[in-house]
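Raw start-v9.csv, CSV, C-alpha atoms:
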```csv
chain,number,residue,atom,x,y,z
A,5,MET,CA,-81.1,-51.6,57.2
A,6,ASN,CA,-84.1,-49.8,58.7
A,7,CYS,CA,-87.5,-49.0,57.2
A,8,LYS,CA,-86.5,-45.5,56.1
A,9,GLU,CA,-83.4,-46.7,54.3
A,10,LEU,CA,-85.4,-49.5,52.7
A,11,ALA,CA,-88.0,-47.0,51.4
A,12,TYR,CA,-85.3,-44.9,49.7
A,13,MET,CA,-83.8,-47.8,48.0
A,14,LEU,CA,-86.9,-49.2,46.3
A,15,ALA,CA,-86.3,-47.7,42.9
A,16,ASP,CA,-82.9,-49.5,42.7
A,17,TYR,CA,-84.5,-52.6,44.1
A,18,PHE,CA,-87.0,-52.7,41.2
A,19,ASP,CA,-84.9,-51.6,38.3
A,20,GLY,CA,-82.3,-54.2,39.1
A,21,SER,CA,-79.4,-51.8,39.7
A,22,MET,CA,-79.0,-52.7,43.4
A,23,ASP,CA,-75.8,-54.2,44.8
A,24,PRO,CA,-76.5,-57.9,45.5
A,25,ARG,CA,-75.4,-57.7,49.1
A,26,LEU,CA,-77.7,-54.8,49.8
A,27,ARG,CA,-80.5,-56.6,48.0
A,28,GLU,CA,-80.0,-59.5,50.4
A,29,GLU,CA,-80.2,-57.2,53.4
A,30,LEU,CA,-83.3,-55.6,52.0
A,31,ASP,CA,-85.0,-59.0,51.4
A,32,ALA,CA,-84.1,-60.0,55.0
A,33,HIS,CA,-85.7,-56.9,56.3
A,34,LEU,CA,-88.8,-57.4,54.2
A,35,ALA,CA,-89.2,-61.0,55.4
A,36,MET,CA,-89.6,-59.8,59.0
A,37,CYS,CA,-91.3,-56.4,58.6
A,38,ASP,CA,-95.0,-56.3,57.6
A,39,GLN,CA,-95.0,-52.6,57.4
A,40,CYS,CA,-92.3,-52.5,54.8
A,41,MET,CA,-93.8,-55.5,53.0
A,42,ALA,CA,-97.0,-53.5,52.6
A,43,PHE,CA,-95.1,-50.4,51.6
A,44,THR,CA,-93.0,-52.2,49.0
A,45,LYS,CA,-96.0,-54.1,47.5
A,46,THR,CA,-98.0,-50.9,47.1
A,47,TYR,CA,-95.0,-49.0,45.7
A,48,GLN,CA,-94.6,-51.7,43.1
A,49,ALA,CA,-98.4,-51.7,42.4
A,50,VAL,CA,-98.1,-48.0,41.4
A,51,SER,CA,-95.6,-48.8,38.7
A,52,ASP,CA,-97.4,-52.0,37.6
A,53,LYS,CA,-100.8,-50.2,37.4
A,54,THR,CA,-99.3,-47.2,35.5
A,55,ARG,CA,-97.9,-49.5,32.9
A,56,LEU,CA,-101.1,-51.5,32.6
A,57,LEU,CA,-103.4,-48.5,32.5
A,58,ARG,CA,-101.3,-46.5,30.2
A,59,ARG,CA,-104.2,-46.1,27.8
A,60,GLN,CA,-106.3,-44.5,30.4
A,61,ILE,CA,-103.5,-42.3,31.8
A,62,GLU,CA,-102.4,-40.9,28.5
A,63,TYR,CA,-104.3,-38.0,27.0
A,64,GLU,CA,-106.1,-38.9,23.9
A,65,ILE,CA,-105.9,-36.4,21.1
A,66,PRO,CA,-109.4,-35.0,20.4
A,67,PRO,CA,-110.6,-35.7,16.8
A,68,GLU,CA,-110.9,-31.9,16.0
A,69,VAL,CA,-107.3,-31.3,17.3
A,70,ARG,CA,-106.1,-34.2,15.2
A,71,LYS,CA,-107.8,-32.8,12.1
A,72,ARG,CA,-106.4,-29.3,12.6
A,73,LEU,CA,-102.9,-30.6,13.3
A,74,GLU,CA,-103.0,-32.7,10.2
A,75,ALA,CA,-104.1,-29.7,8.1
A,76,PHE,CA,-101.4,-27.6,9.6
A,77,VAL,CA,-98.6,-30.0,9.2
A,78,HIS,CA,-99.6,-30.8,5.7
A,79,ALA,CA,-99.7,-27.1,4.7
A,80,ALA,CA,-96.3,-26.5,6.3
A,81,GLY,CA,-94.7,-29.9,5.5
A,82,LEU,CA,-95.5,-30.1,1.9
A,83,LYS,CA,-93.8,-26.9,1.0
A,84,TYR,CA,-90.6,-28.1,2.5
A,85,PRO,CA,-90.2,-31.5,0.7
A,86,GLU,CA,-91.2,-29.6,-2.4
A,87,LYS,CA,-88.2,-27.3,-2.0
A,88,ILE,CA,-85.9,-30.2,-1.3
A,89,ARG,CA,-87.0,-31.9,-4.5
A,90,GLU,CA,-86.6,-28.7,-6.5
A,91,TYR,CA,-83.1,-28.3,-5.1
A,92,ARG,CA,-82.1,-31.9,-5.9
A,93,ASP,CA,-83.6,-31.7,-9.4
A,94,GLN,CA,-81.5,-28.6,-10.0
A,95,VAL,CA,-78.4,-30.4,-8.7
A,96,GLU,CA,-79.1,-33.3,-11.0
A,97,ARG,CA,-79.6,-31.0,-14.0
A,98,ASP,CA,-76.4,-29.1,-13.3
A,99,ARG,CA,-74.5,-32.3,-13.1
A,100,ARG,CA,-75.9,-33.6,-16.4
A,101,GLU,CA,-74.9,-30.3,-18.0
A,102,LYS,CA,-71.4,-30.6,-16.7
A,103,VAL,CA,-71.0,-34.2,-17.8
A,104,ALA,CA,-72.2,-33.2,-21.3
A,105,ASP,CA,-69.7,-30.3,-21.4
A,106,LEU,CA,-67.0,-32.7,-20.4
A,107,VAL,CA,-67.9,-35.3,-23.1
A,108,ARG,CA,-67.9,-32.6,-25.7
A,109,ALA,CA,-64.6,-31.2,-24.5
A,110,ALA,CA,-63.1,-34.8,-24.6
A,111,ALA,CA,-64.4,-35.2,-28.2
A,112,ALA,CA,-62.9,-31.9,-29.2
A,113,GLY,CA,-59.6,-32.6,-27.4
A,114,LYS,CA,-60.1,-29.6,-25.0
A,115,LEU,CA,-59.8,-31.2,-21.7
A,116,SER,CA,-57.4,-29.7,-19.1
A,117,SER,CA,-54.1,-31.6,-18.8
A,118,ALA,CA,-55.1,-33.0,-15.4
A,119,MET,CA,-58.5,-34.2,-16.7
A,120,ALA,CA,-57.0,-35.5,-19.9
A,121,LEU,CA,-54.5,-37.6,-17.8
A,122,LEU,CA,-57.3,-39.0,-15.6
A,123,MET,CA,-59.3,-39.8,-18.7
A,124,GLU,CA,-56.4,-41.5,-20.5
A,125,SER,CA,-55.6,-43.8,-17.5
A,126,HIS,CA,-59.3,-44.6,-17.2
A,127,ARG,CA,-59.6,-45.4,-20.9
A,128,ALA,CA,-56.7,-47.7,-20.6
A,129,ALA,CA,-58.5,-49.7,-17.9
A,130,CYS,CA,-62.1,-49.4,-19.2
A,131,PRO,CA,-62.9,-50.8,-22.7
A,132,GLU,CA,-66.5,-49.4,-22.6
A,133,CYS,CA,-65.3,-45.9,-22.2
A,134,ARG,CA,-62.5,-46.3,-24.7
A,135,ASP,CA,-64.9,-47.6,-27.3
A,136,TYR,CA,-67.4,-44.8,-26.6
A,137,PHE,CA,-64.9,-42.0,-26.7
A,138,ASP,CA,-63.1,-43.4,-29.8
A,139,ALA,CA,-66.5,-43.4,-31.5
A,140,LEU,CA,-67.2,-39.9,-30.4
A,141,ARG,CA,-64.0,-38.6,-32.1
A,142,THR,CA,-65.3,-39.8,-35.4
A,143,ALA,CA,-68.9,-38.7,-35.0
A,144,ALA,CA,-69.8,-35.2,-36.0
A,145,ALA,CA,-71.8,-33.8,-33.0
A,146,PRO,CA,-71.9,-35.9,-29.9
A,147,ARG,CA,-75.2,-35.5,-28.0
A,148,ALA,CA,-74.8,-35.7,-24.3
A,149,GLY,CA,-78.4,-36.8,-23.9
A,150,ASP,CA,-77.5,-40.1,-25.6
A,151,LEU,CA,-74.7,-40.9,-23.1
A,152,PRO,CA,-75.2,-44.4,-21.7
A,153,GLU,CA,-75.8,-44.5,-18.0
A,154,GLU,CA,-72.7,-46.7,-17.4
A,155,ILE,CA,-70.4,-44.2,-19.2
A,156,ARG,CA,-72.1,-41.3,-17.3
A,157,ALA,CA,-71.4,-43.0,-14.0
A,158,HIS,CA,-67.7,-43.4,-15.0
A,159,VAL,CA,-67.4,-39.8,-16.1
A,160,ILE,CA,-69.0,-38.6,-12.8
A,161,ALA,CA,-66.5,-40.7,-10.8
A,162,LEU,CA,-63.6,-39.3,-12.9
A,163,MET,CA,-64.8,-35.8,-12.3
A,164,GLN,CA,-64.9,-36.5,-8.5
A,165,THR,CA,-61.3,-37.8,-8.6
A,166,LEU,CA,-60.1,-34.5,-10.0
A,167,PRO,CA,-58.3,-32.7,-7.1
A,168,PRO,CA,-60.1,-29.5,-6.0
A,169,GLY,CA,-58.9,-26.4,-7.8
A,170,GLU,CA,-58.0,-28.3,-11.0
A,171,GLU,CA,-59.9,-27.2,-14.1
A,172,PHE,CA,-61.8,-29.6,-16.2
A,173,PHE,CA,-61.3,-27.8,-19.5
A,174,LEU,CA,-58.5,-25.9,-21.3
A,175,ALA,CA,-59.0,-22.2,-20.9
B,20,MET,CA,-87.9,-50.1,22.7
B,21,SER,CA,-89.3,-52.7,20.3
B,22,ALA,CA,-87.5,-53.7,17.1
B,23,GLU,CA,-90.7,-52.9,15.2
B,24,ARG,CA,-90.4,-49.3,16.3
B,25,TRP,CA,-86.8,-49.0,15.3
B,26,LYS,CA,-87.6,-50.3,11.9
B,27,ASP,CA,-90.6,-47.9,11.5
B,28,ASP,CA,-88.4,-45.0,12.6
B,29,GLU,CA,-85.6,-45.8,10.3
B,30,ALA,CA,-87.8,-46.0,7.3
B,31,LEU,CA,-89.7,-42.8,8.3
B,32,LEU,CA,-86.5,-40.9,8.8
B,33,GLU,CA,-85.2,-41.9,5.4
B,34,SER,CA,-88.4,-40.9,3.6
B,35,LEU,CA,-88.6,-37.6,5.4
B,36,ARG,CA,-85.1,-36.8,4.3
B,37,LYS,CA,-85.8,-37.7,0.8
B,38,GLY,CA,-89.1,-35.8,0.8
B,39,VAL,CA,-91.0,-38.9,-0.2
B,40,PRO,CA,-94.7,-38.0,-0.6
B,41,GLY,CA,-96.7,-39.4,2.3
B,42,ALA,CA,-93.7,-39.2,4.7
B,43,VAL,CA,-95.4,-36.4,6.6
B,44,ASP,CA,-98.5,-38.6,6.9
B,45,GLU,CA,-96.5,-41.4,8.4
B,46,LEU,CA,-94.8,-39.0,10.8
B,47,LEU,CA,-98.2,-37.8,12.0
B,48,ARG,CA,-99.6,-41.3,12.2
B,49,LEU,CA,-96.7,-42.5,14.4
B,50,TYR,CA,-96.2,-39.5,16.5
B,51,GLN,CA,-99.1,-37.1,16.8
B,52,GLY,CA,-100.8,-39.0,19.6
B,53,LYS,CA,-97.5,-39.3,21.6
B,54,ILE,CA,-96.6,-35.7,21.1
B,55,PHE,CA,-100.0,-34.5,22.1
B,56,ASN,CA,-99.9,-36.7,25.2
B,57,LEU,CA,-96.5,-35.5,26.2
B,58,ALA,CA,-97.4,-31.9,25.6
B,59,MET,CA,-100.6,-32.2,27.6
B,60,SER,CA,-98.8,-33.8,30.5
B,61,ILE,CA,-96.4,-30.8,30.6
B,62,LEU,CA,-98.7,-28.0,29.7
B,63,LYS,CA,-102.0,-29.4,31.1
B,64,ASN,CA,-104.0,-27.3,28.7
B,65,GLU,CA,-105.4,-28.5,25.4
B,66,SER,CA,-105.0,-25.4,23.3
B,67,ASP,CA,-101.4,-24.9,24.5
B,68,ALA,CA,-100.7,-28.6,23.8
B,69,GLU,CA,-102.1,-28.2,20.3
B,70,GLU,CA,-99.9,-25.2,19.5
B,71,ALA,CA,-96.9,-26.9,21.0
B,72,ALA,CA,-97.6,-29.9,18.8
B,73,GLN,CA,-97.7,-27.7,15.7
B,74,ASP,CA,-94.3,-26.2,16.7
B,75,VAL,CA,-92.9,-29.7,17.3
B,76,PHE,CA,-93.8,-31.0,13.9
B,77,MET,CA,-92.6,-27.9,12.2
B,78,THR,CA,-89.2,-28.2,13.9
B,79,VAL,CA,-89.0,-31.9,13.1
B,80,ILE,CA,-89.8,-31.3,9.4
B,81,ARG,CA,-87.3,-28.4,9.2
B,82,LYS,CA,-84.5,-30.0,11.0
B,83,VAL,CA,-84.8,-33.6,9.9
B,84,GLY,CA,-81.9,-33.0,7.5
B,85,THR,CA,-79.6,-32.0,10.3
B,86,PHE,CA,-80.6,-34.9,12.6
B,87,GLN,CA,-77.3,-36.6,13.4
B,88,GLY,CA,-78.5,-40.0,14.3
B,89,ASN,CA,-76.5,-40.1,17.6
B,90,SER,CA,-79.7,-40.8,19.4
B,91,ALA,CA,-82.8,-42.7,18.3
B,92,PHE,CA,-85.2,-40.7,16.1
B,93,TYR,CA,-88.1,-41.0,18.6
B,94,SER,CA,-85.9,-39.7,21.5
B,95,TRP,CA,-84.9,-36.7,19.3
B,96,ILE,CA,-88.6,-35.9,18.6
B,97,TYR,CA,-89.4,-36.3,22.4
B,98,ARG,CA,-86.5,-33.9,23.2
B,99,ILE,CA,-87.9,-31.3,20.7
B,100,CYS,CA,-91.3,-31.7,22.3
B,101,VAL,CA,-90.0,-31.3,25.9
B,102,ASN,CA,-88.0,-28.3,25.0
B,103,THR,CA,-90.9,-26.7,23.1
B,104,CYS,CA,-93.2,-27.2,26.0
B,105,LEU,CA,-90.8,-26.0,28.7
B,106,MET,CA,-90.1,-22.9,26.6
B,107,ARG,CA,-93.9,-22.2,26.6
B,108,LEU,CA,-94.1,-22.7,30.3
B,109,ARG,CA,-91.4,-20.1,30.9
B,110,GLY,CA,-92.8,-16.8,31.9
B,111,LYS,CA,-96.3,-18.3,32.3
B,112,ARG,CA,-98.1,-18.3,35.5
B,113,ARG,CA,-97.7,-21.9,36.7
B,114,ASN,CA,-100.8,-23.7,37.8
B,115,GLU,CA,-100.7,-24.4,41.5
B,116,THR,CA,-99.2,-27.7,42.2
B,117,VAL,CA,-99.2,-29.8,45.4
B,118,SER,CA,-96.1,-29.9,47.6
B,119,ILE,CA,-94.7,-33.3,47.0
B,120,GLU,CA,-93.1,-33.2,50.5
B,121,GLU,CA,-96.5,-33.7,52.1
B,122,PHE,CA,-96.8,-37.1,50.5
B,123,MET,CA,-93.4,-38.5,51.3
B,124,PRO,CA,-93.4,-41.4,53.8
B,125,VAL,CA,-92.9,-40.3,57.4
B,126,PHE,CA,-90.5,-42.2,59.7
B,127,THR,CA,-89.8,-42.1,63.5
B,128,ASP,CA,-86.4,-41.1,64.8
B,129,GLU,CA,-85.5,-44.8,64.8
B,130,GLY,CA,-86.2,-45.0,61.1
B,131,MET,CA,-89.4,-47.0,61.4
B,132,HIS,CA,-92.7,-46.2,59.6
B,133,ALA,CA,-94.5,-43.6,61.7
B,134,SER,CA,-98.0,-44.7,60.7
B,135,PRO,CA,-99.5,-48.2,60.0
B,136,MET,CA,-99.2,-49.3,56.4
B,137,ASP,CA,-102.1,-50.7,54.5
B,138,ASP,CA,-101.4,-53.3,51.8
B,139,TRP,CA,-103.9,-52.5,49.1
B,140,SER,CA,-101.8,-54.2,46.3
B,141,LYS,CA,-104.2,-57.1,46.1
B,142,GLU,CA,-107.2,-54.9,46.0
B,143,VAL,CA,-106.1,-53.0,42.9
B,144,GLU,CA,-105.6,-56.2,41.0
B,145,ARG,CA,-109.3,-56.3,40.4
B,146,ASP,CA,-110.0,-55.2,36.8
B,147,ALA,CA,-113.2,-53.6,37.9
B,148,LEU,CA,-111.1,-50.9,39.5
B,149,ASN,CA,-109.0,-50.2,36.4
B,150,GLU,CA,-110.9,-47.3,34.9
B,151,GLU,CA,-111.2,-45.4,38.2
B,152,LEU,CA,-107.5,-46.1,39.0
B,153,GLY,CA,-106.3,-44.8,35.6
B,154,ARG,CA,-108.3,-41.7,36.1
B,155,MET,CA,-107.0,-41.1,39.6
B,156,ILE,CA,-103.3,-41.7,38.6
B,157,ARG,CA,-103.8,-39.1,35.8
B,158,LYS,CA,-105.4,-36.7,38.1
B,159,TYR,CA,-102.8,-37.0,40.8
B,160,THR,CA,-99.9,-36.7,38.3
B,161,GLU,CA,-101.5,-33.5,37.0
B,162,ASP,CA,-101.0,-32.0,40.5
B,163,LEU,CA,-97.3,-32.7,40.4
B,164,SER,CA,-94.9,-29.9,39.3
B,165,GLU,CA,-93.6,-30.6,35.7
B,166,LYS,CA,-90.2,-31.4,37.1
B,167,TYR,CA,-91.6,-34.7,38.4
B,168,ARG,CA,-94.5,-35.1,36.0
B,169,VAL,CA,-92.4,-35.2,32.8
B,170,VAL,CA,-90.0,-37.8,34.2
B,171,PHE,CA,-92.9,-40.0,35.4
B,172,VAL,CA,-94.6,-39.7,32.0
B,173,LEU,CA,-91.5,-40.6,30.0
B,174,SER,CA,-90.3,-43.4,32.3
B,175,ASP,CA,-93.3,-45.1,33.8
B,176,VAL,CA,-96.1,-44.2,31.3
B,177,GLU,CA,-94.1,-44.2,28.0
B,178,GLY,CA,-91.8,-47.0,29.3
B,179,LEU,CA,-88.5,-45.3,28.3
B,180,SER,CA,-85.3,-46.4,30.1
B,181,ASN,CA,-83.8,-44.1,32.7
B,182,GLU,CA,-80.9,-43.5,30.3
B,183,GLU,CA,-83.2,-42.5,27.5
B,184,THR,CA,-85.2,-40.2,29.7
B,185,ALA,CA,-82.0,-38.6,31.0
B,186,LYS,CA,-80.9,-37.9,27.5
B,187,ILE,CA,-84.2,-36.4,26.5
B,188,LEU,CA,-84.3,-34.1,29.5
B,189,GLY,CA,-80.6,-33.3,29.5
B,190,LEU,CA,-80.3,-34.6,33.1
B,191,THR,CA,-78.1,-37.3,34.8
B,192,VAL,CA,-79.4,-40.8,35.3
B,193,PRO,CA,-79.3,-40.4,39.2
B,194,ALA,CA,-81.4,-37.2,38.9
B,195,ILE,CA,-84.0,-39.1,36.8
B,196,LYS,CA,-84.1,-42.0,39.3
B,197,SER,CA,-84.5,-39.7,42.2
B,198,ARG,CA,-87.4,-37.8,40.6
B,199,LEU,CA,-89.0,-41.0,39.4
B,200,HIS,CA,-88.8,-42.5,42.9
B,201,ARG,CA,-90.3,-39.4,44.5
B,202,ALA,CA,-93.1,-39.3,42.0
B,203,ARG,CA,-93.9,-43.0,42.7
B,204,LEU,CA,-93.8,-42.4,46.5
B,205,TYR,CA,-96.1,-39.5,46.0
B,206,LEU,CA,-98.6,-41.5,43.9
B,207,ARG,CA,-98.4,-44.4,46.3
B,208,GLU,CA,-99.4,-42.1,49.2
B,209,GLN,CA,-102.1,-40.4,47.1
B,210,LEU,CA,-103.6,-43.8,46.1
B,211,SER,CA,-103.4,-45.0,49.7
B,212,ARG,CA,-105.4,-42.0,51.0
B,213,TYR,CA,-107.9,-42.4,48.1
B,214,LEU,CA,-108.5,-46.1,48.7
B,215,ARG,CA,-108.7,-45.6,52.5
B,216,GLU,CA,-111.3,-42.9,52.2
B,217,GLY,CA,-113.1,-44.9,49.6
B,218,LYS,CA,-113.4,-47.7,52.0
B,219,ALA,CA,-114.4,-45.4,54.9
B,220,GLY,CA,-117.0,-43.7,52.7
```

Please express the file's structure as structure tokens.
Amino acid sequence: MNCKELAYMLADYFDGSMDPRLREELDAHLAMCDQCMAFTKTYQAVSDKTRLLRRQIEYEIPPEVRKRLEAFVHAAGLKYPEKIREYRDQVERDRREKVADLVRAAAAGKLSSAMALLMESHRAACPECRDYFDALRTAAAPRAGDLPEEIRAHVIALMQTLPPGEEFFLA
Amino acid sequence: MSAERWKDDEALLESLRKGVPGAVDELLRLYQGKIFNLAMSILKNESDAEEAAQDVFMTVIRKVGTFQGNSAFYSWIYRICVNTCLMRLRGKRRNETVSIEEFMPVFTDEGMHASPMDDWSKEVERDALNEELGRMIRKYTEDLSEKYRVVFVLSDVEGLSNEETAKILGLTVPAIKSRLHRARLYLREQLSRYLREGKAG
């Protein structure tokens, strides 16, 4: 290895990706060449100093720029999460509506055959739902708003098991 | 990258996606300094860097829902920043940059150093020199073309791995290593000249 070859291998030498045999050769050259030793040490000093002086080397954001940027991002950013929230609230309201419709249809015996089948097998396995829906049949006007969260979760899960294209209700 | 940073990023990503109030503040707190610094090192102009930073945060907020999580959140943000800045540079008159070739080491035909090497590595260990050295490193890197500058800033200043830098810039790892090496050789030579002249003066 000569000085020129050594100089071009220094990045590998310091990031540890160098072949061990080459590294030995490089070390052997360094041990007998003052020129390369000086070159290598100063090369390493550049990286070491850069890391150490990072704070001085980085550009600090000026306070007025920071302020403007914050105002801008706030104005722009707040609108967007607002829209996401509106959208999610709407999705939640739609789903509650649908669950309420389904519960009413179940009470009135107007579920589609696929949904009725799913509901039957679930009722056979879930005493909470069986009791709840049995009670509904005797009550005059079931109010979906009173639906216990546990039952709601089961109904939502049932609705999600219904294959796409199948109707929930009888036409 | 530190575990702390990963945790911060994960929580931030989650709250940005959910639209939690204050998520945008957290995004700014963690990233505005870094984004401004990165934009400055590419654009070298404060008002350009400010506008680029605005664009970066807009993009991050708009696209956070589509972020796939294949890469780390911070490297996704850096990539957006690099792309935004390079787009701005396009078509713009580039500031004159030095020719890096003039600062590469010179060798004889036998492959030996053509001029005597001065070992100033001990000299720069003195803390008294730090402020001046930091200023000089920044000044010299400003003279580099952005091709080298951005790699040097991401790898040596920000401390990202070659793999991370390669991903952010859309380059191969060998290409990153080669640019980083040349940027260091350039800085080594610039600092050598500076320290030599300083001593002579």

Q: For chain A, list the residues within 6 Å of chain B, counting all atoms listed in the file, and write the list as a list of chain:residue names.
A: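 That gives A:Asn6, A:Cys7, A:Lys8, A:Ala15, A:Gln39, A:Ala42, A:Lys45, A:Thr46, A:Tyr47, A:Ala49, A:Arg55, A:Leu57, A:Arg58, A:Gln60, A:Ile61, A:Glu62, A:Tyr63, A:Ile65, A:Pro85 for chain A.
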
Q: In Å, rounded to a single decimal, give me how far atom CA of Ala75 of chain A is from atom CA of Arg107 of chain B.
A: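 About the pair atom CA of Arg107 of chain B and atom CA of Ala75 of chain A: they are 22.4 Å apart.
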
Q | Pairwise distance for atom CA of Ala202 of chain B and atom CA of Arg168 of chain B, rounded to one decimal in Å | A |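 Interatomic distance here is 7.5 Å.
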
**Q.** Atomic distance atom CA of Ser94 of chain B - atom CA of Ser34 of chain B, expressed in Å with one decimal
**A.**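 Between atom CA of Ser94 of chain B and atom CA of Ser34 of chain B the gap works out to 18.1 Å.
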
Q. Quick one: residues within 12 Å of Ala32 of chain A, only C-alpha atoms counted, chain neighbours fewer than 5 positions away excluded, as a ChimeraX atom specification?
A. /A:5-7,10,25-27,37-38,40-41

Q) Leaving out Leu108 of chain B and any residue of its chain fewer than 2 positions from it, which residues lie within 12 Å of it when counting only C-alpha atoms, given as a PyMOL selection string? A) chain B and resi 58-59+61-64+67-68+71+101-106+110-114+164-166

Q) Within 12 Å of Glu132 of chain A, counting all atoms listed in the file, which residues qualify if same-chain residues fewer than 2 places away don't, as a PyMOL selection string? A) chain A and resi 126-130+134-139+151-159

Shell of 9 Å around Tyr17 of chain A, all atoms listed in the file, local chain residues under 4 positions omitted, as a PDB file with C-alpha atoms, in the coordinates of the input:
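Written output follows (part23.pdb):
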```pdb
ATOM      1  CA  MET A  13     -83.800 -47.800  48.000  1.00  0.00           C
ATOM      2  CA  SER A  21     -79.400 -51.800  39.700  1.00  0.00           C
ATOM      3  CA  MET A  22     -79.000 -52.700  43.400  1.00  0.00           C
ATOM      4  CA  ASP A  23     -75.800 -54.200  44.800  1.00  0.00           C
ATOM      5  CA  ARG A  27     -80.500 -56.600  48.000  1.00  0.00           C
ATOM      6  CA  LEU A  30     -83.300 -55.600  52.000  1.00  0.00           C
TER       7      LEU A  30
END
```
